[in-house]
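Q: Here it is, the structure, as structure tokens.
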Amino acid sequence: MEAKSIFGLPTLIAKPGRSLAWLLVLLCCLSHHAWGASGAVEVRRLGLSKVADDTLLTVILDRAATPRVSSREVSGKPQLVVEFPGARAGRLPSRLEGDELLVQQVVTETAAPGGGVRIVLDLFPEKPFTYWRLNRPGAGGQTVFILGMKADPKARPVQARVAPSPEPEPIPTAPPQGEFQERETTPTPSPPGEDDGGYQEPRGSVSPGSFAELRRLMPKAAQLLQGLEAEGWVVSESNRYDRPGKRFSRDFILNNRKYPELVVKLAYLPANVPNTPNIDIIMLSTENLTGETATQYRGLRQWSFAKIKQKYEDIGDFFDDALKPLRVKLREQTRSVALREAAVFQNFLKLACPNNPQVADQVMKHVQAKVSPRFEGVQFTVSENPLVILNLVDFLYVKVYYLDSAPGGGQ
């Protein structure tokens with residue numbers, strides 16, 4: 001986006017009779033731009049990141065603002081455009097690398113001062129998706145605008161449908177798991193102090209990616225974490241997703257040689273807004289299951305919309321004829337794993353809910369129930385404090401949510 005000159009000096013010279021009128025108009029425009037430079041919202045920083053199945057565009061603003069979000073095709077290439085009309089541009093990168101799934105690249109376009117900022121996401125063709133957007137308060141009076149995208153074979157390409165976005169904050173929007181890589185090429189300020197509301201690293205030395213760090217981050221889950229460590233679970237992977245002065249989230253993966261088909265995944269989502277709690281998520285899952293059915297199902301989940309159209313006339317046929325039979329098989333196979341390793345699941349739940357011992361029995365009753373071929377699976381809310389979810393869709397898992405008071409936050 002380039003700012004084109006509206007008024008030119010040669011015009012004024014060539015037509016002196018109109019010089020006064022042109023000068024008045026020019027001064028009016030200049031005064032408008034000067035006001036816009038000081039009163040307009042500033043787009044300070046932006047970054048693209050990947051959290052589980054979600055691609056997140058994060059934009060840091062100096063104050064609250066609601067951008068225009070639209071989809072379009074340019075020369076046959078799909079784009080998603082985020083526009084801040086009349087905004088000023090901070091030190092923004094001209095280009096960011098994509099996520100290799102939905103977004104090829106992110107291009108930043110700016111007009112003359114006060115002319116606006118446009119963020120263009122060049123998308124991969126034939127990759128249907130849904131998206132949501134969210135404004136949330138940031139440190140130092142700033143505002144964080146987040147645009148979240150998720151692949152969805154049911155959505156139409158290019159004209160992506162908007163998924164309802166929770167307000168004021170999704171809890172959680174998408175628990176971080178697997179790989180998460182944040183790309184940001186612009187310099188960021190030094191970490192703010194406590195008076196600035198920034199994140200403060202706790203005093204003391206704790207080895208990153210250790211159970212000691214997990215217990216520090218998740219005090220309410222200390223009993224469960226101690227039990228997992230005693231049972232032989234080890235931290236095989238840990239990721240840190242933060243920026244200077246602010247900790248966004250951590251995630252961890254635990255494995256145990258005695259249970260190769262099981263995995264424990266943990267996510268720590270710290271409170272970034274006053275008077276809100278940290279969220280701790282711990283999941284025991286069967287998603288390390290191997291075999292022909294699991295491999296085939298994982299492969300089908302990676303199919304692009306174009307490939308689906310080559311094989312099936314309708315997207316519904318793909319779900320009914322390809323995915324649903326595999327989901328029924330997966331539910332039966334993962335159910336067998338859970339029953340074989342029933343002691344692991346029961347001990348996990350007893351440690352997660354020490355004041356509610358019947359949770360373990362309720363979960364196992366649901367797992368033991370006969371699998372109906374009419375349904376791919378269901379989910380159950382087994383407990384509310386802590387929140388415990390049993391998932392019987394695809395790969396069986398139990399997931400526990402804890403709310404922890406945070407320094408400067410609180411419940």
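Each chain in the structure tokens gets a letter, A, B, ..., in the order shown, and its residues are numbered from 1; ligands are numbered from 1 in order too.
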Give me the residues near segment 51-61 of chain A as a count of residues only, where near means some atom within 6 Å (using only C-alpha atoms) and where sequence neighbours in that chain fewer than 4 positions away do not count.

A: 18

Q: Just want the 12 Å neighbourhood of Ser210 of chain A, counted on only C-alpha atoms, with same-chain residues fewer than 2 positions away dropped. Output as a VMD selection string.

A: chain A and resid 205 to 208 212 to 217 225 to 226 229 233 to 239 251 to 254

Q: Keeping N, CA, C and O atoms for every residue in the selection just given, could you write it to a file as a compact mmCIF listing (two decimals), in the first residue's frame?

A:
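Below is the file out06.txt, written as the result:
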# COMPACT_ATOMS: atom_id res chain seq x y z
N SER A 205 16.74 -20.94 41.82
CA SER A 205 17.12 -21.64 40.59
C SER A 205 16.38 -22.96 40.52
O SER A 205 16.48 -23.79 41.41
N VAL A 206 15.60 -23.13 39.44
CA VAL A 206 14.87 -24.37 39.20
C VAL A 206 15.20 -24.81 37.78
O VAL A 206 15.13 -24.02 36.84
N SER A 207 15.58 -26.05 37.62
CA SER A 207 15.96 -26.55 36.31
C SER A 207 14.77 -26.55 35.37
O SER A 207 13.72 -27.13 35.68
N PRO A 208 14.87 -25.87 34.21
CA PRO A 208 13.76 -25.84 33.25
C PRO A 208 13.43 -27.26 32.77
O PRO A 208 14.32 -28.08 32.56
N ALA A 212 10.52 -30.32 39.34
CA ALA A 212 10.58 -29.22 40.30
C ALA A 212 9.94 -27.97 39.71
O ALA A 212 9.20 -27.24 40.39
N GLU A 213 10.22 -27.71 38.44
CA GLU A 213 9.59 -26.56 37.79
C GLU A 213 8.09 -26.77 37.66
O GLU A 213 7.30 -25.83 37.86
N LEU A 214 7.67 -27.98 37.32
CA LEU A 214 6.24 -28.26 37.21
C LEU A 214 5.53 -28.01 38.53
O LEU A 214 4.43 -27.43 38.56
N ARG A 215 6.13 -28.45 39.63
CA ARG A 215 5.49 -28.25 40.93
C ARG A 215 5.42 -26.76 41.29
O ARG A 215 4.48 -26.32 41.96
N ARG A 216 6.43 -26.01 40.87
CA ARG A 216 6.39 -24.57 41.12
C ARG A 216 5.29 -23.90 40.30
O ARG A 216 4.57 -23.02 40.79
N LEU A 217 5.15 -24.32 39.04
CA LEU A 217 4.15 -23.71 38.17
C LEU A 217 2.73 -24.14 38.54
O LEU A 217 1.78 -23.36 38.38
N LEU A 225 1.61 -34.57 40.44
CA LEU A 225 2.95 -34.53 39.85
C LEU A 225 3.93 -35.43 40.61
O LEU A 225 4.75 -36.12 40.00
N GLN A 226 3.82 -35.42 41.93
CA GLN A 226 4.68 -36.28 42.73
C GLN A 226 4.42 -37.75 42.42
O GLN A 226 5.34 -38.55 42.31
N GLU A 229 5.92 -38.67 38.96
CA GLU A 229 7.39 -38.83 39.04
C GLU A 229 7.75 -40.15 39.72
O GLU A 229 8.67 -40.85 39.27
N TRP A 233 7.39 -41.58 35.29
CA TRP A 233 7.20 -40.67 34.15
C TRP A 233 8.35 -39.66 34.12
O TRP A 233 8.78 -39.17 35.16
N VAL A 234 8.82 -39.34 32.92
CA VAL A 234 9.92 -38.40 32.75
C VAL A 234 9.52 -37.33 31.75
O VAL A 234 8.73 -37.58 30.83
N VAL A 235 10.07 -36.14 31.94
CA VAL A 235 9.80 -35.03 31.01
C VAL A 235 10.63 -35.25 29.75
O VAL A 235 11.86 -35.18 29.78
N SER A 236 9.96 -35.53 28.65
CA SER A 236 10.66 -35.76 27.38
C SER A 236 10.72 -34.51 26.51
O SER A 236 11.54 -34.43 25.59
N GLU A 237 9.86 -33.55 26.79
CA GLU A 237 9.84 -32.32 25.99
C GLU A 237 9.22 -31.21 26.80
O GLU A 237 8.25 -31.42 27.54
N SER A 238 9.79 -30.02 26.70
CA SER A 238 9.18 -28.84 27.32
C SER A 238 9.40 -27.64 26.42
O SER A 238 10.43 -27.53 25.75
N ASN A 239 8.42 -26.77 26.36
CA ASN A 239 8.48 -25.59 25.49
C ASN A 239 8.09 -24.35 26.28
O ASN A 239 7.24 -24.40 27.17
N ASP A 251 4.48 -25.66 28.02
CA ASP A 251 3.89 -26.98 27.90
C ASP A 251 4.96 -28.04 28.04
O ASP A 251 6.15 -27.78 27.84
N PHE A 252 4.53 -29.23 28.44
CA PHE A 252 5.43 -30.33 28.76
C PHE A 252 4.82 -31.63 28.25
O PHE A 252 3.59 -31.78 28.20
N ILE A 253 5.67 -32.58 27.89
CA ILE A 253 5.24 -33.91 27.51
C ILE A 253 5.99 -34.92 28.37
O ILE A 253 7.23 -34.85 28.48
N LEU A 254 5.25 -35.82 28.99
CA LEU A 254 5.84 -36.86 29.83
C LEU A 254 5.63 -38.22 29.16
O LEU A 254 4.56 -38.50 28.62

Q: Compile the contact shell of Glu100 of chain A as an mmCIF file with all heavy atoms, in the first residue's frame: residues with an atom at most 12 Å away, counting only C-alpha atoms, same-chain residues fewer than 5 positions apart removed.

A:
data_model
loop_
_atom_site.group_PDB
_atom_site.id
_atom_site.type_symbol
_atom_site.label_atom_id
_atom_site.label_comp_id
_atom_site.auth_asym_id
_atom_site.auth_seq_id
_atom_site.Cartn_x
_atom_site.Cartn_y
_atom_site.Cartn_z
ATOM 1 N N LEU A 48 3.432 -14.196 14.532
ATOM 2 C CA LEU A 48 2.633 -15.347 14.118
ATOM 3 C C LEU A 48 3.131 -16.562 14.880
ATOM 4 O O LEU A 48 4.337 -16.799 14.965
ATOM 5 C CB LEU A 48 2.764 -15.581 12.607
ATOM 6 C CG LEU A 48 1.805 -16.629 12.019
ATOM 7 C CD1 LEU A 48 0.388 -16.074 11.949
ATOM 8 C CD2 LEU A 48 2.267 -17.064 10.632
ATOM 9 N N SER A 49 2.218 -17.330 15.437
ATOM 10 C CA SER A 49 2.601 -18.478 16.246
ATOM 11 C C SER A 49 1.652 -19.630 15.997
ATOM 12 O O SER A 49 0.592 -19.471 15.391
ATOM 13 C CB SER A 49 2.617 -18.105 17.734
ATOM 14 O OG SER A 49 1.348 -17.632 18.133
ATOM 15 N N LYS A 50 2.052 -20.800 16.463
ATOM 16 C CA LYS A 50 1.263 -22.020 16.294
ATOM 17 C C LYS A 50 1.045 -22.643 17.663
ATOM 18 O O LYS A 50 1.989 -22.903 18.388
ATOM 19 C CB LYS A 50 2.025 -22.995 15.380
ATOM 20 C CG LYS A 50 1.202 -24.215 14.970
ATOM 21 C CD LYS A 50 0.258 -23.856 13.846
ATOM 22 C CE LYS A 50 -0.422 -25.121 13.316
ATOM 23 N NZ LYS A 50 -1.306 -25.760 14.287
ATOM 24 N N THR A 55 -3.533 -21.485 14.534
ATOM 25 C CA THR A 55 -2.538 -20.508 14.109
ATOM 26 C C THR A 55 -2.977 -19.152 14.644
ATOM 27 O O THR A 55 -4.112 -18.734 14.427
ATOM 28 C CB THR A 55 -2.434 -20.457 12.580
ATOM 29 O OG1 THR A 55 -2.020 -21.739 12.095
ATOM 30 C CG2 THR A 55 -1.434 -19.402 12.136
ATOM 31 N N GLN A 105 2.722 -16.690 4.329
ATOM 32 C CA GLN A 105 3.510 -15.577 4.844
ATOM 33 C C GLN A 105 2.573 -14.476 5.312
ATOM 34 O O GLN A 105 1.382 -14.474 4.991
ATOM 35 C CB GLN A 105 4.464 -15.018 3.773
ATOM 36 C CG GLN A 105 3.733 -14.390 2.591
ATOM 37 C CD GLN A 105 4.675 -13.712 1.605
ATOM 38 O OE1 GLN A 105 5.873 -13.604 1.834
ATOM 39 N NE2 GLN A 105 4.130 -13.229 0.491
ATOM 40 N N VAL A 106 3.127 -13.554 6.097
ATOM 41 C CA VAL A 106 2.387 -12.386 6.555
ATOM 42 C C VAL A 106 3.109 -11.147 6.049
ATOM 43 O O VAL A 106 4.318 -11.000 6.246
ATOM 44 C CB VAL A 106 2.290 -12.343 8.097
ATOM 45 C CG1 VAL A 106 1.520 -11.105 8.553
ATOM 46 C CG2 VAL A 106 1.627 -13.602 8.630
ATOM 47 N N ASP A 122 -1.121 -14.255 3.475
ATOM 48 C CA ASP A 122 -1.203 -15.057 2.257
ATOM 49 C C ASP A 122 -1.424 -16.509 2.653
ATOM 50 O O ASP A 122 -0.599 -17.099 3.370
ATOM 51 C CB ASP A 122 0.082 -14.922 1.433
ATOM 52 C CG ASP A 122 0.224 -13.538 0.814
ATOM 53 O OD1 ASP A 122 -0.807 -12.924 0.510
ATOM 54 O OD2 ASP A 122 1.365 -13.077 0.646
ATOM 55 N N LEU A 123 -2.522 -17.090 2.195
ATOM 56 C CA LEU A 123 -2.920 -18.422 2.636
ATOM 57 C C LEU A 123 -2.592 -19.476 1.595
ATOM 58 O O LEU A 123 -2.475 -19.184 0.402
ATOM 59 C CB LEU A 123 -4.432 -18.445 2.917
ATOM 60 C CG LEU A 123 -4.951 -17.348 3.856
ATOM 61 C CD1 LEU A 123 -6.464 -17.421 3.951
ATOM 62 C CD2 LEU A 123 -4.319 -17.474 5.227
ATOM 63 N N PHE A 124 -2.456 -20.699 2.055
ATOM 64 C CA PHE A 124 -2.307 -21.818 1.135
ATOM 65 C C PHE A 124 -3.654 -22.078 0.464
ATOM 66 O O PHE A 124 -4.695 -22.064 1.126
ATOM 67 C CB PHE A 124 -1.845 -23.075 1.876
ATOM 68 C CG PHE A 124 -0.411 -23.037 2.313
ATOM 69 C CD1 PHE A 124 -0.080 -22.752 3.632
ATOM 70 C CD2 PHE A 124 0.611 -23.268 1.408
ATOM 71 C CE1 PHE A 124 1.240 -22.704 4.046
ATOM 72 C CE2 PHE A 124 1.946 -23.229 1.813
ATOM 73 C CZ PHE A 124 2.255 -22.938 3.130
ATOM 74 N N LYS A 127 -7.266 -24.699 1.459
ATOM 75 C CA LYS A 127 -7.110 -25.027 2.878
ATOM 76 C C LYS A 127 -8.232 -24.320 3.649
ATOM 77 O O LYS A 127 -8.045 -23.224 4.195
ATOM 78 C CB LYS A 127 -5.749 -24.567 3.401
ATOM 79 C CG LYS A 127 -4.574 -25.356 2.868
ATOM 80 C CD LYS A 127 -4.429 -26.673 3.605
ATOM 81 C CE LYS A 127 -3.131 -27.374 3.240
ATOM 82 N NZ LYS A 127 -2.942 -28.617 3.989
ATOM 83 N N GLN A 181 5.967 -22.561 17.692
ATOM 84 C CA GLN A 181 7.111 -21.740 17.314
ATOM 85 C C GLN A 181 6.614 -20.343 17.051
ATOM 86 O O GLN A 181 5.737 -20.133 16.224
ATOM 87 C CB GLN A 181 7.782 -22.295 16.056
ATOM 88 C CG GLN A 181 9.033 -21.509 15.683
ATOM 89 C CD GLN A 181 9.748 -22.121 14.495
ATOM 90 O OE1 GLN A 181 9.275 -23.108 13.952
ATOM 91 N NE2 GLN A 181 10.836 -21.547 14.092
#

Q: Enumerate the residues of segment 209-259 of chain A with a DSSP assignment of strand (DSSP E or B), computed from the backbone, and present them as a PyMOL selection string.

A: chain A and resi 234-243+246-255

Q: Between atom CA of Gln223 of chain A and atom CA of Ala352 of chain A, what distance in Å does the model show, to one decimal?

A: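 Between atom CA of Gln223 of chain A and atom CA of Ala352 of chain A the gap is 7.3 Å.
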
Q: Any idea what's packed within 10 Å of Phe319 of chain A, counting only C-alpha atoms, ignoring anything in its chain fewer than 6 positions away? Could you give it as number ranges by chain?

A: A: 153-154, 312, 325-327

Q: Kindly export the residues of the current selection with all heavy atoms, as a PDB file, in the first residue's frame.

A:
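The new file again27.pdb reads:
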ATOM      1  N   PRO A 153     -12.286 -28.727   7.465  1.00  0.00           N
ATOM      2  CA  PRO A 153     -12.721 -29.219   6.143  1.00  0.00           C
ATOM      3  C   PRO A 153     -14.151 -28.850   5.804  1.00  0.00           C
ATOM      4  O   PRO A 153     -14.529 -28.848   4.629  1.00  0.00           O
ATOM      5  CB  PRO A 153     -12.563 -30.741   6.267  1.00  0.00           C
ATOM      6  CG  PRO A 153     -11.580 -30.945   7.367  1.00  0.00           C
ATOM      7  CD  PRO A 153     -11.821 -29.815   8.331  1.00  0.00           C
ATOM      8  N   LYS A 154     -14.980 -28.523   6.816  1.00  0.00           N
ATOM      9  CA  LYS A 154     -16.374 -28.189   6.550  1.00  0.00           C
ATOM     10  C   LYS A 154     -16.556 -26.756   6.074  1.00  0.00           C
ATOM     11  O   LYS A 154     -17.615 -26.403   5.560  1.00  0.00           O
ATOM     12  CB  LYS A 154     -17.205 -28.404   7.818  1.00  0.00           C
ATOM     13  CG  LYS A 154     -17.265 -29.854   8.269  1.00  0.00           C
ATOM     14  CD  LYS A 154     -18.129 -29.984   9.511  1.00  0.00           C
ATOM     15  CE  LYS A 154     -18.188 -31.427   9.991  1.00  0.00           C
ATOM     16  NZ  LYS A 154     -19.010 -31.583  11.207  1.00  0.00           N
ATOM     17  N   TYR A 312     -13.867 -37.872  -2.886  1.00  0.00           N
ATOM     18  CA  TYR A 312     -15.262 -37.922  -2.438  1.00  0.00           C
ATOM     19  C   TYR A 312     -16.040 -36.772  -3.064  1.00  0.00           C
ATOM     20  O   TYR A 312     -15.532 -35.668  -3.237  1.00  0.00           O
ATOM     21  CB  TYR A 312     -15.342 -37.837  -0.916  1.00  0.00           C
ATOM     22  CG  TYR A 312     -14.667 -38.989  -0.201  1.00  0.00           C
ATOM     23  CD1 TYR A 312     -13.312 -38.912   0.139  1.00  0.00           C
ATOM     24  CD2 TYR A 312     -15.363 -40.150   0.115  1.00  0.00           C
ATOM     25  CE1 TYR A 312     -12.683 -39.973   0.777  1.00  0.00           C
ATOM     26  CE2 TYR A 312     -14.734 -41.207   0.753  1.00  0.00           C
ATOM     27  CZ  TYR A 312     -13.392 -41.117   1.079  1.00  0.00           C
ATOM     28  OH  TYR A 312     -12.763 -42.163   1.711  1.00  0.00           O
ATOM     29  N   PRO A 325     -15.851 -44.753  10.381  1.00  0.00           N
ATOM     30  CA  PRO A 325     -15.500 -46.149  10.693  1.00  0.00           C
ATOM     31  C   PRO A 325     -14.189 -46.273  11.473  1.00  0.00           C
ATOM     32  O   PRO A 325     -14.063 -47.113  12.363  1.00  0.00           O
ATOM     33  CB  PRO A 325     -15.389 -46.797   9.303  1.00  0.00           C
ATOM     34  CG  PRO A 325     -16.210 -45.936   8.403  1.00  0.00           C
ATOM     35  CD  PRO A 325     -16.044 -44.555   8.932  1.00  0.00           C
ATOM     36  N   LEU A 326     -13.212 -45.402  11.147  1.00  0.00           N
ATOM     37  CA  LEU A 326     -11.942 -45.446  11.865  1.00  0.00           C
ATOM     38  C   LEU A 326     -12.097 -44.947  13.296  1.00  0.00           C
ATOM     39  O   LEU A 326     -11.460 -45.467  14.218  1.00  0.00           O
ATOM     40  CB  LEU A 326     -10.890 -44.619  11.126  1.00  0.00           C
ATOM     41  CG  LEU A 326     -10.457 -45.155   9.750  1.00  0.00           C
ATOM     42  CD1 LEU A 326      -9.492 -44.176   9.091  1.00  0.00           C
ATOM     43  CD2 LEU A 326      -9.809 -46.527   9.892  1.00  0.00           C
ATOM     44  N   ARG A 327     -12.952 -43.948  13.485  1.00  0.00           N
ATOM     45  CA  ARG A 327     -13.180 -43.440  14.830  1.00  0.00           C
ATOM     46  C   ARG A 327     -13.807 -44.501  15.726  1.00  0.00           C
ATOM     47  O   ARG A 327     -13.469 -44.607  16.912  1.00  0.00           O
ATOM     48  CB  ARG A 327     -14.081 -42.197  14.776  1.00  0.00           C
ATOM     49  CG  ARG A 327     -13.336 -40.931  14.382  1.00  0.00           C
ATOM     50  CD  ARG A 327     -14.264 -39.754  14.313  1.00  0.00           C
ATOM     51  NE  ARG A 327     -13.518 -38.501  14.303  1.00  0.00           N
ATOM     52  CZ  ARG A 327     -14.069 -37.304  14.144  1.00  0.00           C
ATOM     53  NH1 ARG A 327     -15.374 -37.202  13.984  1.00  0.00           N
ATOM     54  NH2 ARG A 327     -13.329 -36.214  14.149  1.00  0.00           N
TER      55      ARG A 327
END

Q: For Val337 of chain A, which of A:Asp314, A:Glu109, A:Glu261, A:Asp394 is the closest residue, counting only C-alpha atoms?

A: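 Smallest distance to Val337 of chain A is found for A:Glu261.
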
Q: Ranking A:Thr108, A:Asn355, A:Gln368, A:Asn385 by minimum distance to Arg340 of chain A and counting only C-alpha atoms, which one comes first?

A: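 So, comparing all the options, the nearest one is A:Gln368.
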
Q: Which of these residues is nearest to Leu300 of chain A, using only C-alpha atoms: A:Ala322, A:Leu284, A:Leu266, A:Leu339?

A: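 For Leu300 of chain A, the nearest of the given residues is A:Ala322.
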
Q: Find the residue from A:Val328, A:Ala65, A:Ala369, A:Ala151 that sits nearest to Thr293 of chain A; use only C-alpha atoms when measuring.

A: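 Of A:Val328, A:Ala65, A:Ala369, A:Ala151, the one nearest Thr293 of chain A, counting only C-alpha atoms, is A:Val328.
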